[in-house]
Structures are given as structure tokens and as C-alpha cells.
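K.L.:
Encoded as C-alpha cells, here's the structure I'll be asking about.
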Amino acid sequence: MKPALVLIHGAVLNGGMWAPIAADLGRDFKVVTPDLPGHGTRAGEPFRLDTAVAMVREIAQSLAPSPIVLCGDSLGGYVSLASAASLGDQLKGAVLGGCTGNFQGPVILLLKAQMALGKLASPAKLKSQLEARILKEKYEAGPAILAGGITPESFAVAVRELQKVDFRAVLASITVPLVFVNGSRDWAHTLGERGTLAANPRATLRRFPGTGHGVTIIRPAEFTAIVREFVSLTIGD
């Protein structure tokens, strides 16, 4: 039986960030791209990690008996890791971007600096700046992201939630194959690569040279190819 793919977006964004990847993978697999609490269609709710995990578990149950492969980027990667234990044998693995930083030391200092800078602008101005950046970069997923709505206020909430979890310990408990994908210029996460790989012997790493944070948006075709390769090697055609 072919797996179902659950694609979980990053902080501030929405399920629309997966539009080009979902369109490609959707030709061969059942693909689900939910909005996390506090984002997109659920912007009126606070983001809580346990609520997000419950959402992923409910989605997996709705897709049973299909095996599940999780794909996440940034916040979506951490939600995927936190959800793994609740999916049992239905989970066959995960392909995750930008989530190798443990929320301690240099990583949390970088994130706190981002949060401090965010407080210098009003929420409306920050939203406008982010929308302008998305338009300027001409991401393939840009129109879908903007249509789904961005929520800059969700960033600090998500960081506070993730700080509560030791993701190295979470990693050590996961028994399915994991592929982590980082941009070589994503310093907050390249710093954590060694610790991530040491925490789980089934974890492997792929790097996109010259790329920053948000590999699924910046290089969707290449991320899609990694997912297809992962499914083929892990589950078969």
C-alpha cells in the first residue's frame, strides 16, 4: 500500500507553502497539507505543540490503514518529531527541513534576536514586510502562501512552545528512518546537525548549497525529489 504524505508547514506561514510540492507528489500519493493551530485557517487559535501533535495524530487516524510519511519544514519539522511517538507503526519515516537546531545555546540566542527585532515593528507593518519579501523572492509557492494568510505574531509563540522540549531526547526515541534537509546558509540549524545525527543512528542529512532557511519554499523540486527517493527506498514503489 502506498503511503500518505502529511506535509506540515513552518511558523508564520500556512499549508499553502507546500503548493508546488503537493501538486507534484499528489500525482502518486495521498497528500494532506493542514494549517497548524495559530496559522492560516486556524489563525484565531493559539499555537500549542500538544494541540498540533493531536492534529497530526487525528489526520493519521483518518488516513488509516495507509502508512504515513511526515514531511515538515522549520516549525513543521519539530511538530513532526514531536508527533512521531503518537503514530505508532503507521509512521514509516520523515523528511524534515530546517529543524536540526535544539532550542538551547546559540540557536535560541539567534531566535531571541529575531523575536526582539520583530517587536520593533507593529504586527501590521511586519506582516506587510513579510508579504513584500515573499512577492520579491517570487517563490513558486508565494501566491498560495499569501492567499492562505501569514501570521507573524505566531513566531514568538511557537518558539516559546518549542523551548519546552528537549528534541535530542525526542530524536533518540524515534525508530523510523529520518532525513534532515538543511540549507548550507541556515546557520541556526547547521550548528545543530552534528548533535542531531548523534542522537539518532537512523537519521541522515542532506544539504542544499547556498540556501538559507526554508528549503521547501526555496528549492521545492529538489525537496520533492528527496521525498520520492525516501519513499522508494523506505517503502518501495
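In the C-alpha cells, the first chain shown is A, the next is B, and so on; residue numbers restart at 1 for each chain, and ligands run from 1 in the order shown.
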Using only C-alpha atoms, which residues sit within 12 Å of Gln61 in chain A once same-chain residues fewer than 2 positions away are excluded, as a list of chain:residue names?
P.N.:
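Result of the neighbour search: A:Ala4, A:Val6, A:Ala54, A:Met55, A:Val56, A:Arg57, A:Glu58, A:Ile59, A:Leu63, A:Ala64, A:Pro65, A:Ser66, A:Pro67, A:Ile68, A:Ser86, A:Leu87, A:Gly88, A:Asp89, A:Gln90, A:Leu91.
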K.L.:
Residues as selected, C-alpha atoms, written as a PDB file, in the first residue's frame, can you do that?
P.N.:
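The file below, part26.pdb, is the result:
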ATOM      1  CA  ALA A   4       0.020   9.002   2.603  1.00  0.00           C
ATOM      2  CA  VAL A   6       1.349  14.679   5.680  1.00  0.00           C
ATOM      3  CA  ALA A  54      -3.096  15.908  18.370  1.00  0.00           C
ATOM      4  CA  MET A  55      -3.958  17.328  14.938  1.00  0.00           C
ATOM      5  CA  VAL A  56      -1.298  15.189  13.246  1.00  0.00           C
ATOM      6  CA  ARG A  57      -2.483  12.106  15.123  1.00  0.00           C
ATOM      7  CA  GLU A  58      -6.094  12.726  14.045  1.00  0.00           C
ATOM      8  CA  ILE A  59      -5.020  13.159  10.422  1.00  0.00           C
ATOM      9  CA  LEU A  63      -5.811   8.044   6.670  1.00  0.00           C
ATOM     10  CA  ALA A  64      -5.505   4.569   8.243  1.00  0.00           C
ATOM     11  CA  PRO A  65      -4.613   1.929   7.257  1.00  0.00           C
ATOM     12  CA  SER A  66      -2.321   3.803   4.858  1.00  0.00           C
ATOM     13  CA  PRO A  67       1.243   4.104   6.133  1.00  0.00           C
ATOM     14  CA  ILE A  68       2.325   7.666   6.863  1.00  0.00           C
ATOM     15  CA  SER A  86       1.877   9.001  18.813  1.00  0.00           C
ATOM     16  CA  LEU A  87       1.655   7.476  15.316  1.00  0.00           C
ATOM     17  CA  GLY A  88       2.989   4.037  16.227  1.00  0.00           C
ATOM     18  CA  ASP A  89       3.666   1.562  13.443  1.00  0.00           C
ATOM     19  CA  GLN A  90       1.674   3.633  10.963  1.00  0.00           C
ATOM     20  CA  LEU A  91       4.607   6.065  10.706  1.00  0.00           C
TER      21      LEU A  91
END
K.L.:
Could you pull the residues within 9 Å of range 95-104 of chain A, counting only C-alpha atoms, minus those fewer than 5 positions along the same chain, as a ChimeraX atom specification?
P.N.:
/A:69-78,80-81,109,111,159,162-168,177-183,186,188-197,212-216,223,226-227,230
K.L.:
Can you list, as a ChimeraX atom specification, all residues belonging to range 6-235 of chain A that DSSP tags as alpha helix (DSSP H)?
P.N.:
/A:19-25,49-63,75-87,105-118,123-137,142-148,154-162,167-172,187-190,193-199,215-218,220-234
K.L.:
Once you have the residues from the selection above, write them out as a compact mmCIF listing (two decimals), in the first residue's frame, restricted to C-alpha atoms.
P.N.:
# COMPACT_ATOMS: atom_id res chain seq x y z
CA ALA A 19 1.51 24.02 -3.13
CA PRO A 20 4.13 23.05 -5.77
CA ILE A 21 5.36 20.05 -3.78
CA ALA A 22 1.82 18.84 -3.06
CA ALA A 23 0.87 19.20 -6.72
CA ASP A 24 3.82 17.04 -7.79
CA LEU A 25 3.56 14.39 -5.07
CA LEU A 49 2.62 21.94 20.50
CA ASP A 50 0.36 19.36 22.12
CA THR A 51 -2.60 20.62 20.05
CA ALA A 52 -0.51 20.40 16.89
CA VAL A 53 0.54 16.84 17.76
CA ALA A 54 -3.10 15.91 18.37
CA MET A 55 -3.96 17.33 14.94
CA VAL A 56 -1.30 15.19 13.25
CA ARG A 57 -2.48 12.11 15.12
CA GLU A 58 -6.09 12.73 14.04
CA ILE A 59 -5.02 13.16 10.42
CA ALA A 60 -3.07 9.90 10.55
CA GLN A 61 -6.05 8.09 12.03
CA SER A 62 -8.26 9.44 9.24
CA LEU A 63 -5.81 8.04 6.67
CA LEU A 75 8.17 24.50 12.92
CA GLY A 76 6.55 21.74 10.87
CA GLY A 77 9.69 19.65 11.28
CA TYR A 78 9.61 19.98 15.05
CA VAL A 79 5.88 19.18 15.12
CA SER A 80 6.65 16.08 13.05
CA LEU A 81 9.33 14.94 15.51
CA ALA A 82 7.04 15.56 18.46
CA SER A 83 4.25 13.60 16.73
CA ALA A 84 6.28 10.51 15.87
CA ALA A 85 5.66 8.59 19.07
CA SER A 86 1.88 9.00 18.81
CA LEU A 87 1.66 7.48 15.32
CA GLY A 105 22.64 27.72 23.35
CA PRO A 106 23.43 29.56 20.08
CA VAL A 107 20.19 28.55 18.40
CA ILE A 108 17.89 30.08 20.99
CA LEU A 109 20.05 33.22 21.08
CA LEU A 110 19.59 33.64 17.34
CA LEU A 111 15.85 33.11 17.61
CA LYS A 112 15.53 35.53 20.50
CA ALA A 113 17.35 38.12 18.42
CA GLN A 114 14.80 37.59 15.65
CA MET A 115 11.97 37.96 18.16
CA ALA A 116 13.46 41.20 19.51
CA LEU A 117 13.74 42.64 16.01
CA GLY A 118 10.14 41.66 15.34
CA PRO A 123 2.17 43.45 13.63
CA ALA A 124 0.59 45.10 10.59
CA LYS A 125 3.91 46.50 9.39
CA LEU A 126 5.70 43.21 9.97
CA LYS A 127 3.03 41.37 8.02
CA SER A 128 3.35 43.85 5.18
CA GLN A 129 7.14 43.42 5.16
CA LEU A 130 6.86 39.64 5.03
CA GLU A 131 4.31 39.78 2.23
CA ALA A 132 6.58 42.12 0.28
CA ARG A 133 9.52 39.76 0.73
CA ILE A 134 7.50 36.79 -0.49
CA LEU A 135 6.49 38.76 -3.59
CA LYS A 136 10.05 39.95 -4.19
CA GLU A 137 11.55 36.46 -3.99
CA GLY A 142 4.24 32.56 -2.96
CA PRO A 143 0.69 33.10 -4.28
CA ALA A 144 -0.67 30.17 -2.24
CA ILE A 145 1.12 31.37 0.90
CA LEU A 146 -0.32 34.87 0.57
CA ALA A 147 -3.79 33.51 -0.19
CA GLY A 148 -3.65 31.41 2.98
CA SER A 154 2.74 33.21 15.75
CA PHE A 155 6.54 33.11 15.58
CA ALA A 156 7.31 34.05 19.19
CA VAL A 157 4.54 31.78 20.47
CA ALA A 158 5.96 28.84 18.54
CA VAL A 159 9.49 29.46 19.81
CA ARG A 160 8.28 29.52 23.41
CA GLU A 161 6.46 26.23 22.90
CA LEU A 162 9.46 24.52 21.32
CA PHE A 167 14.37 17.48 20.89
CA ARG A 168 17.56 15.48 21.28
CA ALA A 169 15.68 13.20 23.67
CA VAL A 170 12.74 13.08 21.25
CA LEU A 171 15.09 12.09 18.44
CA ALA A 172 16.65 9.32 20.49
CA TRP A 187 23.28 28.80 10.47
CA ALA A 188 20.80 28.25 13.30
CA HIS A 189 20.29 24.70 12.08
CA THR A 190 23.63 23.73 10.58
CA GLU A 193 23.47 18.95 12.64
CA ARG A 194 26.15 17.00 14.49
CA GLY A 195 24.05 16.70 17.62
CA THR A 196 21.02 15.62 15.61
CA LEU A 197 22.88 12.83 13.83
CA ALA A 198 24.49 11.71 17.09
CA ALA A 199 21.08 11.49 18.77
CA VAL A 215 14.39 24.77 1.81
CA THR A 216 10.94 23.55 0.79
CA ILE A 217 9.96 27.01 -0.45
CA ILE A 218 13.30 27.95 -1.97
CA PRO A 220 10.74 22.73 -3.93
CA ALA A 221 11.64 20.48 -6.87
CA GLU A 222 14.78 19.21 -5.17
CA PHE A 223 12.98 18.64 -1.88
CA THR A 224 10.28 16.74 -3.76
CA ALA A 225 12.92 14.53 -5.34
CA ILE A 226 14.30 13.69 -1.89
CA VAL A 227 10.82 12.73 -0.68
CA ARG A 228 10.26 10.48 -3.70
CA GLU A 229 13.64 8.83 -3.21
CA PHE A 230 12.93 8.35 0.51
CA VAL A 231 9.57 6.71 -0.13
CA SER A 232 11.03 4.44 -2.79
CA LEU A 233 13.91 3.29 -0.59
CA THR A 234 11.91 3.03 2.62
K.L.:
Quick check, in Å to one decimal: how far apart do CA of Pro46 in chain A and CA of Gly93 in chain A lie?
P.N.:
28.0 Å
K.L.:
Quick check, in Å to one decimal: how far apart do CA of Ile8 in chain A and CA of Ile174 in chain A lie?
P.N.:
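That distance, rounded to one decimal, is 18.1 Å.
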K.L.:
Rounded to one decimal place, report the CA of Phe208 in chain A-CA of Ser184 in chain A distance in Å.
P.N.:
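CA of Phe208 in chain A sits 5.9 Å away from CA of Ser184 in chain A.
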K.L.:
Measuring between only C-alpha atoms, which one of A:Gly40, A:Tyr139, A:Phe47, A:Val32 shows the shortest distance to Leu5 in chain A?
P.N.:
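Residue with the minimum atom-to-atom distance to Leu5 in chain A: A:Val32.
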K.L.:
If you run DSSP on the backbone here, which positions in range 36-170 of chain A get strand (DSSP E)? Please write them as an mmCIF file with N, CA and C atoms, in the first residue's frame.
P.N.:
data_model
loop_
_atom_site.group_PDB
_atom_site.id
_atom_site.type_symbol
_atom_site.label_atom_id
_atom_site.label_comp_id
_atom_site.auth_asym_id
_atom_site.auth_seq_id
_atom_site.Cartn_x
_atom_site.Cartn_y
_atom_site.Cartn_z
ATOM 1 N N ILE A 68 2.139 6.216 6.872
ATOM 2 C CA ILE A 68 2.325 7.666 6.863
ATOM 3 C C ILE A 68 3.803 8.011 6.748
ATOM 4 N N VAL A 69 4.100 9.004 5.910
ATOM 5 C CA VAL A 69 5.396 9.668 5.907
ATOM 6 C C VAL A 69 5.146 11.137 6.209
ATOM 7 N N LEU A 70 5.830 11.654 7.213
ATOM 8 C CA LEU A 70 5.704 13.058 7.575
ATOM 9 C C LEU A 70 6.761 13.872 6.842
ATOM 10 N N CYS A 71 6.364 15.026 6.358
ATOM 11 C CA CYS A 71 7.298 15.993 5.793
ATOM 12 C C CYS A 71 7.022 17.325 6.488
ATOM 13 N N GLY A 72 8.058 17.932 7.029
ATOM 14 C CA GLY A 72 7.869 19.200 7.723
ATOM 15 C C GLY A 72 9.016 20.135 7.443
ATOM 16 N N ASP A 73 8.760 21.426 7.590
ATOM 17 C CA ASP A 73 9.829 22.409 7.449
ATOM 18 C C ASP A 73 9.767 23.357 8.626
ATOM 19 N N LEU A 91 3.571 5.160 11.189
ATOM 20 C CA LEU A 91 4.607 6.065 10.706
ATOM 21 C C LEU A 91 5.776 5.262 10.146
ATOM 22 N N LYS A 92 6.142 5.552 8.911
ATOM 23 C CA LYS A 92 7.243 4.840 8.262
ATOM 24 C C LYS A 92 8.501 5.688 8.131
ATOM 25 N N GLY A 93 8.412 6.970 8.413
ATOM 26 C CA GLY A 93 9.595 7.809 8.342
ATOM 27 C C GLY A 93 9.218 9.258 8.132
ATOM 28 N N ALA A 94 10.249 10.103 8.010
ATOM 29 C CA ALA A 94 10.004 11.534 7.854
ATOM 30 C C ALA A 94 11.139 12.184 7.082
ATOM 31 N N VAL A 95 10.782 13.207 6.309
ATOM 32 C CA VAL A 95 11.745 14.057 5.604
ATOM 33 C C VAL A 95 11.506 15.474 6.099
ATOM 34 N N LEU A 96 12.519 16.057 6.737
ATOM 35 C CA LEU A 96 12.299 17.273 7.514
ATOM 36 C C LEU A 96 13.332 18.343 7.192
ATOM 37 N N GLY A 97 12.859 19.555 6.934
ATOM 38 C CA GLY A 97 13.756 20.656 6.619
ATOM 39 C C GLY A 97 13.914 21.612 7.788
#
